[in-house]
>>> print(open('work.cif').read())   # mmCIF, C-alpha atoms
data_my_file
loop_
_atom_site.label_atom_id
_atom_site.label_comp_id
_atom_site.auth_asym_id
_atom_site.auth_seq_id
_atom_site.Cartn_x
_atom_site.Cartn_y
_atom_site.Cartn_z
CA MET A 1 -2.00 1.87 -4.34
CA ASN A 2 -1.78 5.68 -4.32
CA LEU A 3 1.83 5.50 -5.47
CA SER A 4 0.76 3.24 -8.32
CA ASP A 5 -2.09 5.62 -9.25
CA SER A 6 0.32 8.57 -9.33
CA PHE A 7 2.83 6.72 -11.50
CA GLU A 8 0.09 5.60 -13.91
CA VAL A 9 -1.13 9.16 -14.47
CA GLU A 10 2.38 10.57 -14.75
CA GLN A 11 3.33 7.83 -17.21
CA GLU A 12 0.32 8.59 -19.42
CA LEU A 13 0.95 12.35 -19.37
CA ILE A 14 4.57 11.85 -20.42
CA LYS A 15 3.39 9.64 -23.30
CA GLN A 16 1.16 12.52 -24.42
CA GLY A 17 4.02 15.00 -24.48
CA TRP A 18 4.03 16.45 -20.98
CA LYS A 19 7.33 16.73 -19.11
CA LYS A 20 7.90 16.32 -15.39
CA THR A 21 9.40 19.20 -13.42
CA ASP A 22 10.32 19.52 -9.75
CA ASN A 23 10.18 23.32 -9.97
CA VAL A 24 6.67 24.68 -9.49
CA ASN A 25 7.70 27.94 -11.16
CA HIS A 26 8.20 26.00 -14.41
CA ALA A 27 4.98 23.98 -14.09
CA ASP A 28 1.87 24.33 -16.23
CA ALA A 29 -0.02 21.87 -14.04
CA VAL A 30 0.28 20.51 -10.49
CA LEU A 31 -1.41 17.24 -9.55
CA ILE A 32 -2.01 16.42 -5.87
CA ASN A 33 -2.92 12.80 -5.16
CA THR A 34 -4.80 12.41 -1.89
CA CYS A 35 -5.64 9.85 0.79
CA SER A 36 -8.56 9.74 3.21
CA VAL A 37 -7.73 6.73 5.36
CA ARG A 38 -7.01 9.02 8.32
CA LYS A 39 -7.93 12.60 9.10
CA THR A 40 -4.26 13.56 9.36
CA ALA A 41 -3.77 12.72 5.68
CA GLU A 42 -6.53 15.14 4.70
CA THR A 43 -5.15 17.82 7.04
CA ARG A 44 -1.78 17.66 5.28
CA ILE A 45 -3.48 18.11 1.91
CA ILE A 46 -5.34 21.19 3.15
CA GLY A 47 -1.98 22.62 4.21
CA ARG A 48 -0.60 22.02 0.71
CA LEU A 49 -3.64 23.70 -0.83
CA GLY A 50 -2.84 26.84 1.15
CA PHE A 51 0.65 26.82 -0.37
CA TYR A 52 -0.68 26.49 -3.94
CA LYS A 53 -3.33 29.15 -3.37
CA ASN A 54 -0.50 31.64 -2.91
CA ILE A 55 1.35 30.28 -5.95
CA LYS A 56 -1.74 30.68 -8.15
CA LYS A 57 -2.07 34.35 -7.18
CA THR A 58 1.09 35.11 -9.14
CA LYS A 59 1.03 32.21 -11.60
CA LYS A 60 -2.42 32.67 -13.14
CA ASN A 61 -2.08 30.00 -15.83
CA LEU A 62 -1.17 27.20 -13.43
CA THR A 63 -3.72 24.36 -13.46
CA LEU A 64 -4.22 22.82 -10.02
CA LEU A 65 -5.69 19.31 -10.03
CA VAL A 66 -6.65 17.32 -6.92
CA MET A 67 -7.19 13.57 -7.38
CA GLY A 68 -7.63 10.45 -5.26
CA CYS A 69 -9.72 9.46 -2.26
CA PHE A 70 -10.18 12.93 -0.72
CA ALA A 71 -11.33 14.18 -4.12
CA GLN A 72 -13.74 11.24 -4.40
CA LYS A 73 -15.18 11.63 -0.90
CA ASP A 74 -15.45 15.43 -0.66
CA GLY A 75 -15.08 16.71 -4.22
CA ASP A 76 -17.96 19.21 -4.13
CA LEU A 77 -16.96 20.46 -0.67
CA LEU A 78 -13.34 20.91 -1.80
CA LYS A 79 -14.46 22.96 -4.81
CA LYS A 80 -16.69 25.12 -2.64
CA SER A 81 -14.05 25.67 0.06
CA TYR A 82 -11.10 26.05 -2.33
CA PRO A 83 -12.47 27.54 -5.56
CA PHE A 84 -8.94 28.08 -6.91
CA ILE A 85 -8.73 24.29 -7.55
CA ASP A 86 -9.28 23.82 -11.28
CA LEU A 87 -10.04 20.10 -11.49
CA ILE A 88 -11.14 17.55 -8.88
CA ILE A 89 -10.84 13.95 -10.06
CA GLY A 90 -12.13 10.96 -8.08
CA THR A 91 -10.58 7.51 -7.85
CA GLN A 92 -12.51 5.97 -10.74
CA ASN A 93 -11.99 8.88 -13.12
CA LYS A 94 -8.21 9.21 -13.21
CA ASN A 95 -8.17 7.96 -16.80
CA LYS A 96 -9.83 11.29 -17.74
CA ILE A 97 -6.92 13.36 -16.40
CA PRO A 98 -4.76 13.61 -19.58
CA GLU A 99 -7.77 14.63 -21.68
CA LEU A 100 -8.96 17.19 -19.12
CA LEU A 101 -5.52 18.74 -18.65
CA ASN A 102 -5.09 19.07 -22.39
CA ALA A 103 -8.55 20.66 -22.66
CA VAL A 104 -8.02 23.10 -19.81
CA LYS A 105 -5.13 24.69 -21.71
CA LYS A 106 -7.66 25.74 -24.36
CA HIS A 107 -10.77 26.43 -22.28
CA LYS A 108 -12.12 25.75 -18.80
CA PRO A 109 -14.25 22.58 -18.67
CA LYS A 110 -17.89 23.17 -17.85
CA LYS A 111 -17.61 20.69 -15.01
CA ALA A 112 -14.72 20.88 -12.56
CA VAL A 113 -15.57 17.93 -10.27
CA PHE A 114 -15.41 14.39 -11.67
CA ASN A 115 -16.10 11.95 -8.85
CA GLN A 116 -19.00 9.81 -9.97
CA PHE A 117 -18.65 6.04 -9.62
CA GLU A 118 -18.65 4.14 -12.90
CA ASP A 119 -20.20 0.77 -13.76
CA HIS A 120 -16.77 -0.29 -14.98
CA PHE A 121 -13.14 0.79 -14.84
CA ASP A 122 -11.11 2.12 -17.73
CA PHE A 123 -7.73 0.83 -16.63
CA MET A 124 -4.59 2.77 -17.33
CA GLU A 125 -1.32 1.12 -18.29
CA PRO A 126 0.38 -0.44 -15.21
CA SER A 127 3.24 1.68 -13.95
CA ILE A 128 6.93 1.04 -13.43
CA ASP A 129 8.45 2.10 -10.09
CA HIS A 130 10.46 5.30 -10.57
CA GLN A 131 12.93 4.31 -7.87
CA ALA A 132 13.41 0.74 -9.10
CA PHE A 133 13.20 0.41 -12.88
CA PHE A 134 12.87 -3.40 -12.68
CA ARG A 135 9.69 -3.29 -10.53
CA ALA A 136 6.16 -2.75 -11.82
CA PHE A 137 2.98 -2.08 -9.87
CA LEU A 138 0.13 -4.20 -11.23
CA PRO A 139 -3.32 -3.51 -9.72
CA ILE A 140 -5.34 -6.73 -9.99
CA ILE A 141 -8.50 -5.72 -8.11
CA LYS A 142 -9.98 -2.33 -7.31
CA GLY A 143 -12.35 -1.38 -4.51
CA CYS A 144 -13.50 -3.24 -1.43
CA ASN A 145 -16.64 -5.12 -0.36
CA ASN A 146 -15.72 -5.62 3.29
CA TYR A 147 -17.07 -2.40 4.85
CA CYS A 148 -15.00 -2.56 8.02
CA SER A 149 -16.81 -0.20 10.35
CA TYR A 150 -13.85 2.22 10.72
CA CYS A 151 -12.79 2.31 7.06
CA ILE A 152 -13.67 4.89 4.42
CA VAL A 153 -12.08 2.95 1.53
CA PRO A 154 -15.27 1.26 0.18
CA TYR A 155 -16.85 4.71 -0.05
CA THR A 156 -13.88 6.22 -1.91
CA ARG A 157 -12.76 3.26 -4.04
CA GLY A 158 -16.12 1.60 -4.71
CA ARG A 159 -17.06 -2.07 -4.87
CA GLU A 160 -14.57 -4.80 -5.76
CA VAL A 161 -13.84 -5.17 -9.45
CA SER A 162 -11.29 -7.79 -10.52
CA ILE A 163 -9.33 -7.30 -13.72
CA GLN A 164 -9.54 -10.21 -16.18
CA SER A 165 -6.47 -12.43 -15.87
CA SER A 166 -5.97 -12.49 -19.66
CA PHE A 167 -5.64 -8.68 -19.63
CA LEU A 168 -3.24 -8.78 -16.67
CA LEU A 169 -1.02 -11.37 -18.33
CA ASP A 170 -0.95 -9.39 -21.58
CA GLU A 171 0.08 -6.28 -19.64
CA LEU A 172 2.74 -8.28 -17.82
CA LYS A 173 4.26 -9.34 -21.16
CA LYS A 174 4.56 -5.65 -22.13
CA LEU A 175 6.20 -4.84 -18.81
CA ILE A 176 8.69 -7.67 -19.24
CA ASP A 177 9.62 -6.25 -22.66
CA LYS A 178 10.49 -3.01 -20.81
CA GLY A 179 12.88 -4.83 -18.48
CA VAL A 180 10.59 -5.58 -15.54
CA SER A 181 11.67 -8.57 -13.45
CA GLU A 182 9.70 -7.91 -10.23
CA VAL A 183 5.93 -7.46 -10.12
CA PHE A 184 3.99 -6.02 -7.18
CA LEU A 185 0.33 -7.11 -7.26
CA LEU A 186 -1.96 -4.55 -5.67
CA GLY A 187 -5.47 -4.42 -4.30
CA GLN A 188 -7.39 -3.38 -1.23
CA ASN A 189 -7.91 -7.13 -0.77
CA VAL A 190 -5.81 -9.09 -3.26
CA ASN A 191 -6.86 -12.53 -2.04
CA SER A 192 -10.51 -11.90 -2.95
CA TYR A 193 -9.36 -11.59 -6.58
CA GLY A 194 -11.63 -13.31 -9.08
CA LYS A 195 -14.67 -13.72 -6.80
CA ASP A 196 -16.69 -11.13 -8.72
CA ILE A 197 -15.96 -12.52 -12.20
CA SER A 198 -15.84 -15.93 -13.89
CA ASP A 199 -12.07 -16.21 -13.82
CA ILE A 200 -9.21 -17.80 -11.92
CA ASN A 201 -8.64 -17.10 -8.23
CA PHE A 202 -5.64 -15.33 -6.66
CA SER A 203 -3.59 -18.49 -6.07
CA GLU A 204 -4.04 -19.52 -9.69
CA LEU A 205 -3.04 -16.03 -10.84
CA LEU A 206 0.20 -16.29 -8.84
CA LEU A 207 0.94 -19.61 -10.56
CA LYS A 208 0.30 -18.20 -14.05
CA ILE A 209 2.55 -15.19 -13.40
CA SER A 210 5.31 -17.48 -12.12
CA LYS A 211 5.41 -19.20 -15.53
CA PHE A 212 7.12 -16.12 -16.99
CA LYS A 213 10.80 -17.02 -16.59
CA GLU A 214 11.79 -13.32 -16.70
CA ILE A 215 9.91 -12.63 -13.46
CA LYS A 216 12.32 -13.15 -10.57
CA ARG A 217 10.09 -11.97 -7.76
CA ILE A 218 6.35 -11.62 -7.08
CA LYS A 219 5.04 -9.44 -4.23
CA PHE A 220 1.48 -8.68 -3.21
CA MET A 221 -0.47 -6.50 -0.80
CA THR A 222 -2.89 -6.42 1.02
CA SER A 223 -4.56 -9.64 2.19
CA HIS A 224 -7.63 -10.04 4.37
CA PRO A 225 -7.66 -12.83 6.99
CA LYS A 226 -11.21 -13.90 6.13
CA ASP A 227 -10.12 -14.81 2.57
CA PHE A 228 -6.72 -16.32 3.40
CA SER A 229 -7.05 -19.90 2.16
CA ASP A 230 -4.95 -23.05 2.51
CA GLU A 231 -4.57 -22.93 -1.27
CA LEU A 232 -2.91 -19.50 -1.00
CA ILE A 233 -0.58 -20.75 1.74
CA HIS A 234 0.41 -23.62 -0.56
CA ALA A 235 1.07 -21.15 -3.42
CA ILE A 236 3.31 -18.98 -1.24
CA GLU A 237 5.17 -22.09 -0.06
CA THR A 238 5.71 -23.74 -3.44
CA ILE A 239 6.08 -20.92 -6.00
CA PRO A 240 9.76 -19.89 -5.85
CA GLN A 241 9.25 -16.35 -7.14
CA VAL A 242 6.62 -15.44 -4.52
CA VAL A 243 8.29 -13.56 -1.66
CA LYS A 244 8.18 -15.32 1.67
CA HIS A 245 6.52 -12.35 3.28
CA VAL A 246 2.85 -11.82 4.08
CA HIS A 247 1.21 -8.63 5.30
CA LEU A 248 -1.94 -9.69 7.15
CA PRO A 249 -3.75 -7.00 9.15
CA LEU A 250 -4.92 -8.14 12.60
CA GLN A 251 -6.23 -4.74 13.86
CA THR A 252 -7.05 -6.06 17.38
CA ALA A 253 -6.89 -9.27 19.42
CA SER A 254 -10.27 -8.62 21.06
CA ASN A 255 -13.09 -10.65 19.50
CA ARG A 256 -15.63 -8.12 20.75
CA ILE A 257 -13.83 -5.27 19.02
CA LEU A 258 -13.25 -7.36 15.88
CA LYS A 259 -17.02 -7.84 15.69
CA LEU A 260 -17.61 -4.11 16.17
CA MET A 261 -15.05 -3.52 13.42
CA ASN A 262 -16.98 -5.93 11.13
CA ARG A 263 -13.77 -7.85 10.39
CA LYS A 264 -15.54 -11.23 9.94
CA TYR A 265 -12.95 -13.36 11.75
CA THR A 266 -11.95 -14.08 15.34
CA PHE A 267 -8.53 -13.78 16.92
CA GLU A 268 -8.43 -17.59 17.02
CA ASP A 269 -9.07 -17.71 13.24
CA TYR A 270 -6.17 -15.31 12.75
CA GLN A 271 -3.85 -17.32 15.01
CA LEU A 272 -4.59 -20.47 13.01
CA ILE A 273 -3.52 -18.77 9.75
CA ILE A 274 -0.24 -17.66 11.34
CA GLU A 275 0.36 -21.19 12.67
CA LYS A 276 -0.24 -22.71 9.22
CA LEU A 277 2.06 -20.21 7.52
CA ARG A 278 4.89 -20.85 9.98
CA LYS A 279 4.45 -24.61 9.78
CA LYS A 280 4.72 -24.57 5.98
CA ILE A 281 7.33 -21.77 5.74
CA PRO A 282 9.28 -21.67 9.03
CA ASP A 283 11.31 -18.55 8.20
CA ILE A 284 8.41 -16.58 6.70
CA SER A 285 8.36 -12.85 7.40
CA LEU A 286 5.05 -11.54 8.71
CA SER A 287 3.79 -8.01 9.12
CA THR A 288 0.48 -6.65 10.33
CA ASP A 289 -1.64 -3.57 11.00
CA ILE A 290 -2.92 -2.72 14.47
CA LEU A 291 -5.71 -0.18 15.00
CA SER A 292 -5.50 1.07 18.58
CA ALA A 293 -8.10 2.87 20.70
CA PHE A 294 -11.17 1.86 18.71
CA PRO A 295 -14.26 3.39 20.38
CA GLY A 296 -15.07 1.48 23.56
CA GLU A 297 -11.76 -0.41 23.71
CA THR A 298 -11.15 -1.27 27.36
CA GLU A 299 -7.81 -1.52 29.15
CA GLU A 300 -8.18 -5.30 29.16
CA GLU A 301 -8.81 -5.39 25.40
CA TYR A 302 -5.83 -3.14 24.75
CA LEU A 303 -3.67 -5.52 26.83
CA GLN A 304 -4.99 -8.47 24.80
CA THR A 305 -3.60 -6.84 21.65
CA PHE A 306 -0.37 -5.90 23.41
CA GLU A 307 0.12 -9.54 24.42
CA ALA A 308 -0.79 -10.71 20.91
CA LEU A 309 2.13 -8.66 19.57
CA ARG A 310 4.41 -10.34 22.09
CA THR A 311 3.04 -13.82 21.32
CA LEU A 312 2.72 -13.69 17.54
CA GLN A 313 6.17 -12.11 17.05
CA PHE A 314 5.61 -10.17 13.83
CA ASP A 315 8.63 -9.00 11.86
CA LYS A 316 6.91 -5.63 11.44
CA ALA A 317 3.73 -4.05 12.76
CA PHE A 318 2.21 -0.79 11.58
CA ILE A 319 0.36 0.60 14.59
CA PHE A 320 -2.19 3.33 14.04
CA LEU A 321 -4.49 5.38 16.22
CA TYR A 322 -8.19 5.11 15.40
CA SER A 323 -9.29 8.04 13.25
CA PRO A 324 -13.05 8.78 13.07
CA ARG A 325 -14.25 8.85 9.43
CA GLU A 326 -17.63 10.46 8.83
CA GLY A 327 -19.92 8.14 6.91
CA THR A 328 -18.53 4.92 8.39
CA ALA A 329 -20.50 2.70 10.79
CA ALA A 330 -18.09 3.42 13.66
CA TYR A 331 -18.32 7.19 13.35
CA PRO A 332 -21.29 7.59 15.78
CA LEU A 333 -19.66 5.37 18.41
CA LYS A 334 -18.64 7.16 21.59
CA GLU A 335 -14.92 7.32 22.37
CA SER A 336 -13.99 6.76 26.02
CA LEU A 337 -10.30 7.76 25.99
CA ASN A 338 -8.67 11.16 25.76
CA GLN A 339 -5.93 11.84 23.22
CA LYS A 340 -3.10 11.40 25.72
CA GLU A 341 -4.36 7.97 26.77
CA LYS A 342 -4.74 6.88 23.14
CA LYS A 343 -1.23 7.97 22.20
CA LEU A 344 0.21 6.24 25.25
CA ARG A 345 -1.28 2.91 24.15
CA VAL A 346 0.23 3.30 20.69
CA HIS A 347 3.59 4.35 22.16
CA HIS A 348 3.85 1.23 24.34
CA MET A 349 2.96 -1.07 21.45
CA VAL A 350 5.45 0.60 19.12
CA GLU A 351 8.20 0.23 21.73
CA LEU A 352 7.44 -3.47 22.12
CA GLN A 353 7.30 -4.08 18.37
CA ASN A 354 10.61 -2.28 17.75
CA GLN A 355 12.29 -4.68 20.20
CA ILE A 356 10.66 -7.69 18.54
CA SER A 357 11.54 -6.51 15.01
CA PHE A 358 15.21 -6.09 15.93
CA GLU A 359 15.40 -9.55 17.50
CA LYS A 360 13.60 -11.16 14.55
CA LEU A 361 16.19 -9.80 12.13
CA LYS A 362 18.94 -11.69 13.97
CA ARG A 363 17.72 -15.02 12.54
CA PHE A 364 19.23 -13.98 9.21
CA LEU A 365 22.75 -13.49 10.62
CA HIS A 366 25.39 -15.59 8.80
CA THR A 367 22.88 -16.66 6.14
CA TYR A 368 22.97 -15.91 2.43
CA GLN A 369 20.07 -13.83 1.17
CA GLU A 370 19.00 -13.16 -2.41
CA VAL A 371 18.82 -9.37 -2.73
CA ILE A 372 17.76 -7.16 -5.63
CA PRO A 373 19.50 -3.81 -5.04
CA GLU A 374 17.43 -0.81 -6.05
CA LYS A 375 19.10 2.37 -4.80
CA ILE A 376 22.22 3.93 -3.34
CA SER A 377 22.26 4.10 0.47
CA ARG A 378 21.46 7.60 1.75
CA LYS A 379 24.32 7.41 4.26
CA ASN A 380 27.07 6.04 2.04
CA GLY A 381 27.47 6.46 -1.72
CA PHE A 382 29.37 3.17 -1.96
CA GLU A 383 26.55 1.13 -0.43
CA LEU A 384 23.43 -0.26 -2.03
CA MET A 385 20.04 -0.90 -0.48
CA GLY A 386 17.70 -3.65 -1.59
CA ASN A 387 15.20 -6.15 -0.26
CA SER A 388 15.59 -9.85 0.39
CA HIS A 389 13.11 -12.59 -0.47
CA PHE A 390 11.71 -12.08 3.04
CA ASP A 391 11.13 -8.36 2.33
CA THR A 392 13.86 -7.28 4.72
CA LYS A 393 16.06 -4.28 3.97
CA VAL A 394 19.65 -5.27 3.17
CA ILE A 395 22.62 -2.88 2.82
CA PHE A 396 25.90 -3.93 1.20
CA GLN A 397 28.76 -2.47 -0.84
CA GLY A 398 28.26 -2.19 -4.59
CA ASP A 399 27.50 0.23 -7.40
CA GLU A 400 24.72 1.08 -9.85
CA SER A 401 25.73 -1.74 -12.21
CA ASP A 402 24.19 -4.12 -9.64
CA PHE A 403 20.72 -2.52 -9.85
CA GLY A 404 18.01 -5.01 -10.80
CA LYS A 405 20.25 -8.08 -10.47
CA MET A 406 19.59 -10.93 -8.06
CA ILE A 407 22.69 -10.98 -5.82
CA GLN A 408 23.71 -13.43 -3.12
CA VAL A 409 24.58 -11.42 0.00
CA LYS A 410 26.05 -12.85 3.20
CA ILE A 411 24.50 -11.19 6.26
CA LYS A 412 27.15 -10.00 8.71
CA ASP A 413 25.31 -7.67 11.09
CA VAL A 414 22.03 -6.05 12.12
CA LYS A 415 21.82 -2.29 12.49
CA GLY A 416 18.57 -0.59 13.34
CA MET A 417 15.95 -2.27 11.18
CA SER A 418 18.39 -3.26 8.39
CA LEU A 419 20.60 -6.21 7.64
CA ILE A 420 24.24 -5.48 6.77
CA GLY A 421 25.93 -7.83 4.32
CA GLU A 422 28.64 -8.39 1.75
CA LYS A 423 28.69 -9.89 -1.74
#
>>> encode(input="work.cif", output="structure tokens")
Amino acid sequence: MNLSDSFEVEQELIKQGWKKTDNVNHADAVLINTCSVRKTAETRIIGRLGFYKNIKKTKKNLTLLVMGCFAQKDGDLLKKSYPFIDLIIGTQNKNKIPELLNAVKKHKPKKAVFNQFEDHFDFMEPSIDHQAFFRAFLPIIKGCNNYCSYCIVPYTRGREVSIQSSFLLDELKKLIDKGVSEVFLLGQNVNSYGKDISDINFSELLLKISKFKEIKRIKFMTSHPKDFSDELIHAIETIPQVVKHVHLPLQTASNRILKLMNRKYTFEDYQLIIEKLRKKIPDISLSTDILSAFPGETEEEYLQTFEALRTLQFDKAFIFLYSPREGTAAYPLKESLNQKEKKLRVHHMVELQNQISFEKLKRFLHTYQEVIPEKISRKNGFELMGNSHFDTKVIFQGDESDFGKMIQVKIKDVKGMSLIGEK
């Protein structure tokens, strides 16, 4: 979502005559997009601010703009602590950025912090992926109503607001005219799309998008288990363009901790969804998020999650250490583990998942996979890297003329976390 936000703003600035530069010495403005999901993300931003503070000492006319979730959550504090920041733009005000940057070249705005929540969104034009010209990011729902006890997102992104399907489909037509053949649907919780407005639901939206013959592939992220319906499973199974990959965060296998997290499902509910998906789509690729060392997590509860990884056999798992976020319901909860113990739990789960991920890739050996190559391999200029319909990384020999095409690749080997194939 942050990548999409950055591309949207950059795209609009270029339309208004700005040019992108990778050299800060040539820049008139620097935009820093921020994240607040974990404390480490904010710490990295503070480090970057120190770098630009020194730059601004010698480059007086440089406009420094901080946008995104950190700006939304702590805009006034950022301005007080780092007065050299010129503009601070929250998540719902990014559409103001081109106007404000143009104005700042003439005179300083009276107000430097723009982080109020709006009653509505002024949506910017969906962005095309800079690395893959055929792929577009299409946000379909903004915000989140779930209020998981550890998560700051509802406080930085606001309540859920679905975008009218008629608007989305009109925007998709424009993207297709620009050569887009793969669309990535985005939202904090895509499968709650349409619940806040009198419109179609997420499964119906997938079906409408699939009617565009130019669209070869439809991806989406992220889903919430409590909203994962049988209708959506049927859509994934039966719509050819929808990738056979689902990212479905589990977080923990302990029902007690799930309740403390306010996740609104049990581990048994989650298992049932996985069983249904694998029954309907036997080769489906599944990934998840695990949040380790939540306050009060016991050794037994940690082992429950460890065993769930072994049992459920995800293709990928993104395993994170709990990060206290001030303002969330979990923030006052007492933590019982020291940092070493927390990191050890994560380390053991990552080791297990790496073994599982490698073994899961072997099921594709000697099969043909449809791959859309998108970039040159970093290790070999004669090799291309792309993703299969199961969202697995595939490397094979080719050149830039293959970019954006759907290519049949025979899988010959597995190396690391990639499939190796040939045309």
>>> residues_near_point(input="work.cif", point="(-6.1, 23.6, -20.6)", cutoff="10 Å", atoms="all atoms listed in the file", output="count of residues only")
17
>>> residues_around(input="work.cif", residues="A:Arg135", least_positions_apart="2", cutoff="6 Å", atoms="all atoms listed in the file", output="list in words")
Ile128, Asp129, Ala132, Phe133, Val180, Glu182 and Val183 of chain A
>>> atom_distance(input="work.cif", atom1="atom CA of A:Asn145", atom2="atom CA of A:Pro225")
13.9 Å
>>> atom_distance(input="work.cif", atom1="atom CA of A:Asn146", atom2="atom CA of A:Asn93")
22.2 Å
>>> atom_distance(input="work.cif", atom1="atom CA of A:Lys20", atom2="atom CA of A:Phe134")
20.5 Å
>>> closest_residue(input="work.cif", among="A:Leu13, A:Ile141, A:Leu333, A:Ile257", to="A:Lys96", atoms="only C-alpha atoms")
A:Leu13
>>> resolve_selection(input="work.cif", expression="the PyMOL selection byres ((chain A and resi 253) around 6)", output="PyMOL selection string")
chain A and resi 252+254+267+304-305
>>> resolve_selection(input="work.cif", expression="the PyMOL selection byres ((chain A and resi 280) around 12)", output="MDAnalysis selection string")
chainID A and resid 230:238 244 273:279 281:284
>>> write_last_selection(input="work.cif", atoms="C-alpha atoms", output="mmCIF file, in the frame of the given file")
data_model
loop_
_atom_site.group_PDB
_atom_site.id
_atom_site.type_symbol
_atom_site.label_atom_id
_atom_site.label_comp_id
_atom_site.auth_asym_id
_atom_site.auth_seq_id
_atom_site.Cartn_x
_atom_site.Cartn_y
_atom_site.Cartn_z
ATOM 1 C CA ASP A 230 -4.950 -23.050 2.510
ATOM 2 C CA GLU A 231 -4.570 -22.930 -1.270
ATOM 3 C CA LEU A 232 -2.910 -19.500 -1.000
ATOM 4 C CA ILE A 233 -0.580 -20.750 1.740
ATOM 5 C CA HIS A 234 0.410 -23.620 -0.560
ATOM 6 C CA ALA A 235 1.070 -21.150 -3.420
ATOM 7 C CA ILE A 236 3.310 -18.980 -1.240
ATOM 8 C CA GLU A 237 5.170 -22.090 -0.060
ATOM 9 C CA THR A 238 5.710 -23.740 -3.440
ATOM 10 C CA LYS A 244 8.180 -15.320 1.670
ATOM 11 C CA ILE A 273 -3.520 -18.770 9.750
ATOM 12 C CA ILE A 274 -0.240 -17.660 11.340
ATOM 13 C CA GLU A 275 0.360 -21.190 12.670
ATOM 14 C CA LYS A 276 -0.240 -22.710 9.220
ATOM 15 C CA LEU A 277 2.060 -20.210 7.520
ATOM 16 C CA ARG A 278 4.890 -20.850 9.980
ATOM 17 C CA LYS A 279 4.450 -24.610 9.780
ATOM 18 C CA ILE A 281 7.330 -21.770 5.740
ATOM 19 C CA PRO A 282 9.280 -21.670 9.030
ATOM 20 C CA ASP A 283 11.310 -18.550 8.200
ATOM 21 C CA ILE A 284 8.410 -16.580 6.700
#
>>> resolve_selection(input="work.cif", expression="the PyMOL selection byres ((chain A and resi 288-296) around 9)", output="CSV table (one decimal) with C-alpha atoms, in the frame of the given file")
chain,number,residue,atom,x,y,z
A,150,TYR,CA,-13.8,2.2,10.7
A,246,VAL,CA,2.8,-11.8,4.1
A,247,HIS,CA,1.2,-8.6,5.3
A,248,LEU,CA,-1.9,-9.7,7.2
A,249,PRO,CA,-3.8,-7.0,9.2
A,250,LEU,CA,-4.9,-8.1,12.6
A,251,GLN,CA,-6.2,-4.7,13.9
A,252,THR,CA,-7.0,-6.1,17.4
A,257,ILE,CA,-13.8,-5.3,19.0
A,261,MET,CA,-15.0,-3.5,13.4
A,286,LEU,CA,5.0,-11.5,8.7
A,287,SER,CA,3.8,-8.0,9.1
A,297,GLU,CA,-11.8,-0.4,23.7
A,298,THR,CA,-11.2,-1.3,27.4
A,302,TYR,CA,-5.8,-3.1,24.8
A,305,THR,CA,-3.6,-6.8,21.6
A,314,PHE,CA,5.6,-10.2,13.8
A,315,ASP,CA,8.6,-9.0,11.9
A,316,LYS,CA,6.9,-5.6,11.4
A,317,ALA,CA,3.7,-4.0,12.8
A,318,PHE,CA,2.2,-0.8,11.6
A,319,ILE,CA,0.4,0.6,14.6
A,320,PHE,CA,-2.2,3.3,14.0
A,321,LEU,CA,-4.5,5.4,16.2
A,322,TYR,CA,-8.2,5.1,15.4
A,323,SER,CA,-9.3,8.0,13.2
A,330,ALA,CA,-18.1,3.4,13.7
A,331,TYR,CA,-18.3,7.2,13.4
A,333,LEU,CA,-19.7,5.4,18.4
A,334,LYS,CA,-18.6,7.2,21.6
A,335,GLU,CA,-14.9,7.3,22.4
A,336,SER,CA,-14.0,6.8,26.0
A,337,LEU,CA,-10.3,7.8,26.0
A,341,GLU,CA,-4.4,8.0,26.8
A,342,LYS,CA,-4.7,6.9,23.1
A,343,LYS,CA,-1.2,8.0,22.2
A,345,ARG,CA,-1.3,2.9,24.2
A,346,VAL,CA,0.2,3.3,20.7
>>> closest_residue(input="work.cif", among="A:Pro332, A:Cys69, A:Pro98, A:Glu374", to="A:Gly17", atoms="all atoms listed in the file")
A:Pro98
>>> residues_around(input="work.cif", residues="A:Lys59", least_positions_apart="3", cutoff="10 Å", atoms="all atoms listed in the file", output="VMD selection string")
chain A and resid 24 to 28 52 to 56 62 to 63
>>> closest_residue(input="work.cif", among="A:Asn115, A:Gly416, A:Glu307, A:Thr392", to="A:Phe358", atoms="only C-alpha atoms")
A:Gly416
>>> closest_residue(input="work.cif", among="A:Thr58, A:Val153, A:Ser166, A:Lys360", to="A:Thr328", atoms="only C-alpha atoms")
A:Val153
>>> axis_aligned_box(input="work.cif", around="stretch 339-358 of chain A", padding_each_side="3 Å", output="JSON")
{"center_x": 4.6, "center_y": 2.1, "center_z": 20.9, "size_x": 27.1, "size_y": 25.5, "size_z": 17.8}
>>> residues_near_point(input="work.cif", point="(13.8, -8.3, -6.1)", cutoff="7 Å", atoms="only C-alpha atoms", output="PyMOL selection string")
chain A and resi 182+216-217+371-372+387-388+406
>>> residues_around(input="work.cif", residues="A:Asp74", least_positions_apart="2", cutoff="10 Å", atoms="all atoms listed in the file", output="list in words")
Ser36, Cys69, Phe70, Ala71, Gln72, Asp76, Leu77, Leu78, Lys79, Lys80, Ile88, Gly90, Val113, Asn115 and Thr156 of chain A
>>> closest_residue(input="work.cif", among="A:Gln188, A:Asn262, A:Thr367, A:Gly179", to="A:Arg159", atoms="only C-alpha atoms")
A:Gln188
>>> closest_residue(input="work.cif", among="A:Lys213, A:Glu301, A:Leu206, A:Arg157", to="A:Ile176", atoms="all atoms listed in the file")
A:Lys213
